[in-house]
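Printed here is structure.txt (compact mmCIF, C-alpha atoms):
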```txt
# COMPACT_ATOMS: atom_id res chain seq x y z
CA MET I 442 3.14 -12.35 12.64
CA ASN I 443 4.65 -13.22 9.27
CA ARG I 444 3.89 -10.65 6.57
CA LYS I 445 6.21 -11.68 3.74
CA TYR I 446 5.18 -9.10 1.16
CA LEU I 447 5.64 -6.18 3.57
CA ASP I 448 8.84 -7.70 4.96
CA ASP I 449 10.18 -7.95 1.40
CA LEU I 450 9.64 -4.18 1.07
CA ASN I 451 11.26 -3.64 4.49
CA VAL I 452 8.15 -1.86 5.80
CA LYS I 453 8.86 -1.41 9.50
CA ASP I 454 6.23 1.15 10.51
CA ARG I 455 3.15 -1.04 10.82
CA TRP I 456 0.69 -1.98 13.52
CA ASP I 457 1.73 -5.62 13.95
CA LEU I 458 5.24 -4.55 15.01
CA TRP I 459 4.05 -2.28 17.81
CA ALA I 460 4.78 -3.87 21.18
CA TYR I 461 2.22 -4.21 23.95
CA LYS I 462 3.07 -4.77 27.57
CA GLY I 463 1.25 -5.84 30.71
CA LYS I 464 -2.47 -5.12 31.05
CA THR I 465 -2.68 -3.52 27.62
CA LYS I 466 -1.38 -6.70 25.97
CA ASN I 467 -3.93 -8.83 27.84
CA ALA I 468 -6.79 -6.45 27.02
CA HIS I 469 -5.92 -6.40 23.33
CA ASN I 470 -5.46 -10.17 23.18
CA ASN I 471 -8.90 -10.61 24.77
CA PHE I 472 -10.42 -8.15 22.32
CA ARG I 473 -8.90 -10.08 19.43
CA LYS I 474 -10.25 -13.39 20.81
CA VAL I 475 -13.78 -11.99 21.05
CA TYR I 476 -13.94 -9.80 17.92
CA GLY I 477 -11.21 -11.22 15.65
CA VAL I 478 -9.59 -7.81 15.25
CA ASP I 479 -6.48 -6.45 16.87
CA PRO I 480 -7.23 -2.90 18.06
CA ARG I 481 -3.85 -1.77 16.70
CA GLU I 482 -5.22 -2.41 13.19
CA THR I 483 -7.75 0.37 13.67
CA PHE I 484 -5.30 3.09 14.73
CA ALA I 485 -4.59 4.11 11.11
CA LEU I 486 -7.16 2.11 9.21
CA ASN I 487 -6.29 3.86 5.95
CA GLU I 488 -2.74 2.49 6.11
CA THR I 489 -3.86 -0.89 7.40
CA PHE I 490 -6.19 -1.18 4.39
CA LEU I 491 -3.46 -0.23 1.90
CA GLU I 492 -1.13 -2.82 3.46
CA TRP I 493 -3.93 -5.40 3.34
CA LEU I 494 -4.67 -4.59 -0.30
CA TYR I 495 -1.01 -4.87 -1.33
CA GLU I 496 -0.60 -8.22 0.43
CA ARG I 497 -3.84 -9.65 -0.97
CA LEU I 498 -3.18 -8.50 -4.54
CA MET I 499 0.31 -10.03 -4.43
CA ALA I 500 -1.12 -13.33 -3.17
CA TYR I 501 -4.06 -13.23 -5.61
CA LYS I 502 -1.74 -12.63 -8.55
CA GLY I 503 0.38 -15.62 -7.52
CA PHE I 504 -2.47 -18.05 -6.92
CA ALA I 505 -4.93 -16.93 -9.60
CA SER I 506 -2.33 -16.87 -12.38
CA LYS I 507 -1.86 -20.61 -11.89
CA VAL I 508 -5.56 -21.26 -12.50
CA VAL I 509 -6.78 -18.56 -14.89
CA ASP I 510 -5.22 -16.32 -17.52
CA LEU I 511 -5.16 -12.89 -15.87
CA LYS I 512 -3.86 -11.40 -19.12
CA SER I 513 -6.92 -12.58 -21.05
CA ASP I 514 -9.07 -9.92 -22.62
CA VAL I 515 -12.23 -11.82 -21.64
CA TYR I 516 -12.60 -9.42 -18.74
CA LEU I 517 -11.52 -5.90 -19.57
CA TYR I 518 -11.78 -3.09 -17.09
CA ASP I 519 -12.27 0.58 -17.88
CA TRP I 520 -9.95 2.86 -15.98
CA GLU I 521 -9.54 6.54 -16.79
CA GLY I 522 -10.76 6.04 -20.34
CA GLU I 523 -8.57 3.05 -21.16
CA LYS I 524 -9.19 -0.70 -21.19
CA TYR I 525 -7.05 -2.95 -19.01
CA THR I 526 -6.80 -6.69 -18.46
CA GLN I 527 -7.05 -7.80 -14.87
CA TYR I 528 -3.31 -8.47 -14.85
CA ASP I 529 -2.44 -4.98 -16.12
CA LEU I 530 -4.73 -3.25 -13.65
CA ILE I 531 -3.39 -5.37 -10.77
CA GLU I 532 0.14 -4.42 -11.78
CA LYS I 533 -0.84 -0.75 -11.83
CA CYS I 534 -2.39 -1.08 -8.35
CA LEU I 535 0.66 -2.88 -7.00
CA ALA I 536 3.06 -0.27 -8.41
CA ASN I 537 1.11 2.56 -6.74
CA LEU I 538 0.83 0.69 -3.45
CA LYS I 539 4.46 -0.39 -3.44
CA GLU I 540 5.70 3.15 -3.97
CA TYR I 541 3.50 4.40 -1.14
CA LEU I 542 4.54 1.61 1.26
CA LEU I 543 8.23 2.13 0.49
CA TYR I 544 7.82 5.84 1.12
CA LYS I 545 5.85 5.59 4.35
CA GLY I 546 8.45 3.43 6.05
CA ASN I 547 11.43 5.61 5.23
CA SER I 548 10.22 8.94 3.89
CA ILE I 549 13.32 11.14 4.00
CA HIS I 550 15.67 8.66 2.30
CA TYR I 551 12.99 7.50 -0.12
CA ILE I 552 12.34 11.05 -1.28
CA GLU I 553 16.05 11.76 -1.67
CA ASP I 554 16.57 8.58 -3.70
CA HIS I 555 13.50 8.77 -5.93
CA PHE I 556 12.63 12.43 -6.35
CA LYS I 557 15.91 14.17 -7.11
CA GLU I 558 14.18 17.09 -8.85
CA TYR I 559 12.46 18.00 -5.58
CA THR I 560 15.44 17.49 -3.33
CA ASP I 561 18.31 18.94 -5.33
CA LEU I 562 19.80 21.30 -2.76
CA GLU I 563 20.77 23.81 -5.45
CA ASN I 564 17.09 24.23 -6.30
CA ILE I 565 15.84 24.39 -2.72
CA ASP I 566 16.53 27.68 -1.02
CA SER I 567 15.34 26.85 2.48
CA TRP I 568 14.04 24.11 4.76
CA ASP I 569 10.56 25.54 4.25
CA SER I 570 10.93 24.83 0.54
CA ARG I 571 12.17 21.33 1.32
CA LEU I 572 9.24 20.61 3.64
CA THR I 573 6.82 21.92 1.01
CA ALA I 574 8.40 19.65 -1.61
CA ASP I 575 8.25 16.67 0.78
CA SER I 576 4.57 17.26 1.53
CA LYS I 577 3.80 17.52 -2.21
CA ILE I 578 5.51 14.19 -2.81
CA GLU I 579 3.64 12.62 0.10
CA GLU I 580 0.37 13.95 -1.32
CA VAL I 581 1.11 12.48 -4.76
CA LEU I 582 2.07 9.08 -3.35
CA THR I 583 -0.96 8.98 -1.04
CA ASN I 584 -3.32 9.95 -3.87
CA ASN I 585 -1.80 7.23 -6.07
CA ALA I 586 -2.30 4.67 -3.30
CA TYR I 587 -5.93 5.74 -2.95
CA LYS I 588 -6.29 5.41 -6.73
CA ALA I 589 -5.12 1.81 -6.35
CA ALA I 590 -8.06 1.24 -4.00
CA GLU I 591 -10.38 2.75 -6.62
CA MET I 592 -8.89 0.45 -9.28
CA PHE I 593 -9.49 -2.50 -6.98
CA ILE I 594 -13.15 -1.53 -6.68
CA VAL I 595 -13.41 -1.49 -10.49
CA MET I 596 -11.98 -5.04 -10.60
CA LEU I 597 -13.84 -6.31 -7.54
CA PRO I 598 -16.60 -8.27 -9.35
CA GLY I 599 -13.93 -10.30 -11.20
CA MET I 600 -11.57 -10.89 -8.28
CA TRP I 601 -12.02 -14.62 -7.87
CA TRP I 602 -10.44 -17.74 -9.31
```

Here is a file; write its structure as structure tokens.
Amino acid sequence: MNRKYLDDLNVKDRWDLWAYKGKTKNAHNNFRKVYGVDPRETFALNETFLEWLYERLMAYKGFASKVVDLKSDVYLYDWEGEKYTQYDLIEKCLANLKEYLLYKGNSIHYIEDHFKEYTDLENIDSWDSRLTADSKIEEVLTNNAYKAAEMFIVMLPGMWW
């Protein structure tokens, strides 16, 4: 399955890359033929949805911007007390989702590269402290990704071109 936007981010931990063998493969293929859903998609539906949202927003931005002006202030969206154009809110969603997707595929290296203040070994006195810092970062990134879903809901009535 080609998933360009996730491939571009080098996201390797995703359902469509999990291999099936033998009877399991046949059972899942039959399920997909009947219901149109691969059972692997439902294993971690929260992550599947965030991947779906990132891919669809990237595609929407590309297609819709050729037809309508996403930066127009005709449709303004309220988010956390501020007004945003559709383009600006999409960009905010994509930034949150991208950071989460980059993290989830390669958490240890991503944290070390992007959150130096939490991983500076001089400031961390034990592995317990490091694990606590890592879980705080994961919580922030996950919450930001879920905020992207909330932003999408705010824009939902205007998401057509």

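Rounded to one decimal, atom CA of Val508 of chain I and atom CA of Leu535 of chain I lie 20.2 Å from each other.
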
Calculated over only C-alpha atoms, which of the candidates I:Asp448, I:Lys466, I:Pro598, I:Asn584 has the smallest distance to Glu540 of chain I?
I:Asn584

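Going from atom CA of Thr526 of chain I over to atom CA of Glu591 of chain I, you cover 15.6 Å.
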
When you look at Tyr516 of chain I with a cut-off of 9 Å (counting only C-alpha atoms), what residues show up, excluding the ones that are within fewer than 5 positions of it in the same chain? I need them as a PyMOL selection string.
chain I and resi 511+525-527+599

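Rounded to one decimal, atom CA of Glu580 of chain I and atom CA of Leu458 of chain I lie 25.2 Å from each other.
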
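Shortest separation to Ile594 of chain I among I:Tyr501, I:Tyr541, I:Phe484, I:Trp520 occurs at residue I:Trp520, atoms counted being all atoms listed in the file.
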
Set up a box along x, y and z of the file covering all listed atoms of segment 467-477 of chain I, add 4 Å on every one of the six sides, and write the centre and edge lengths in Å to one decimal, as JSON.
```
{"center_x": -8.9, "center_y": -9.9, "center_z": 21.7, "size_x": 18.0, "size_y": 15.0, "size_z": 20.2}
```

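With only C-alpha atoms as the atoms that count, the residue of I:Thr573, I:Tyr528, I:Lys474, I:Pro480 with the shortest distance to Ser506 of chain I is I:Tyr528.
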
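Compared by their closest atoms to Phe593 of chain I, and using only C-alpha atoms, the residues I:Leu543, I:Ala536, I:Leu447, I:Leu494 rank with I:Leu494 nearest.
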
Which of I:Tyr446, I:Trp602, I:Tyr518, I:Tyr587 sits closest to Arg497 of chain I [using only C-alpha atoms]:
I:Tyr446
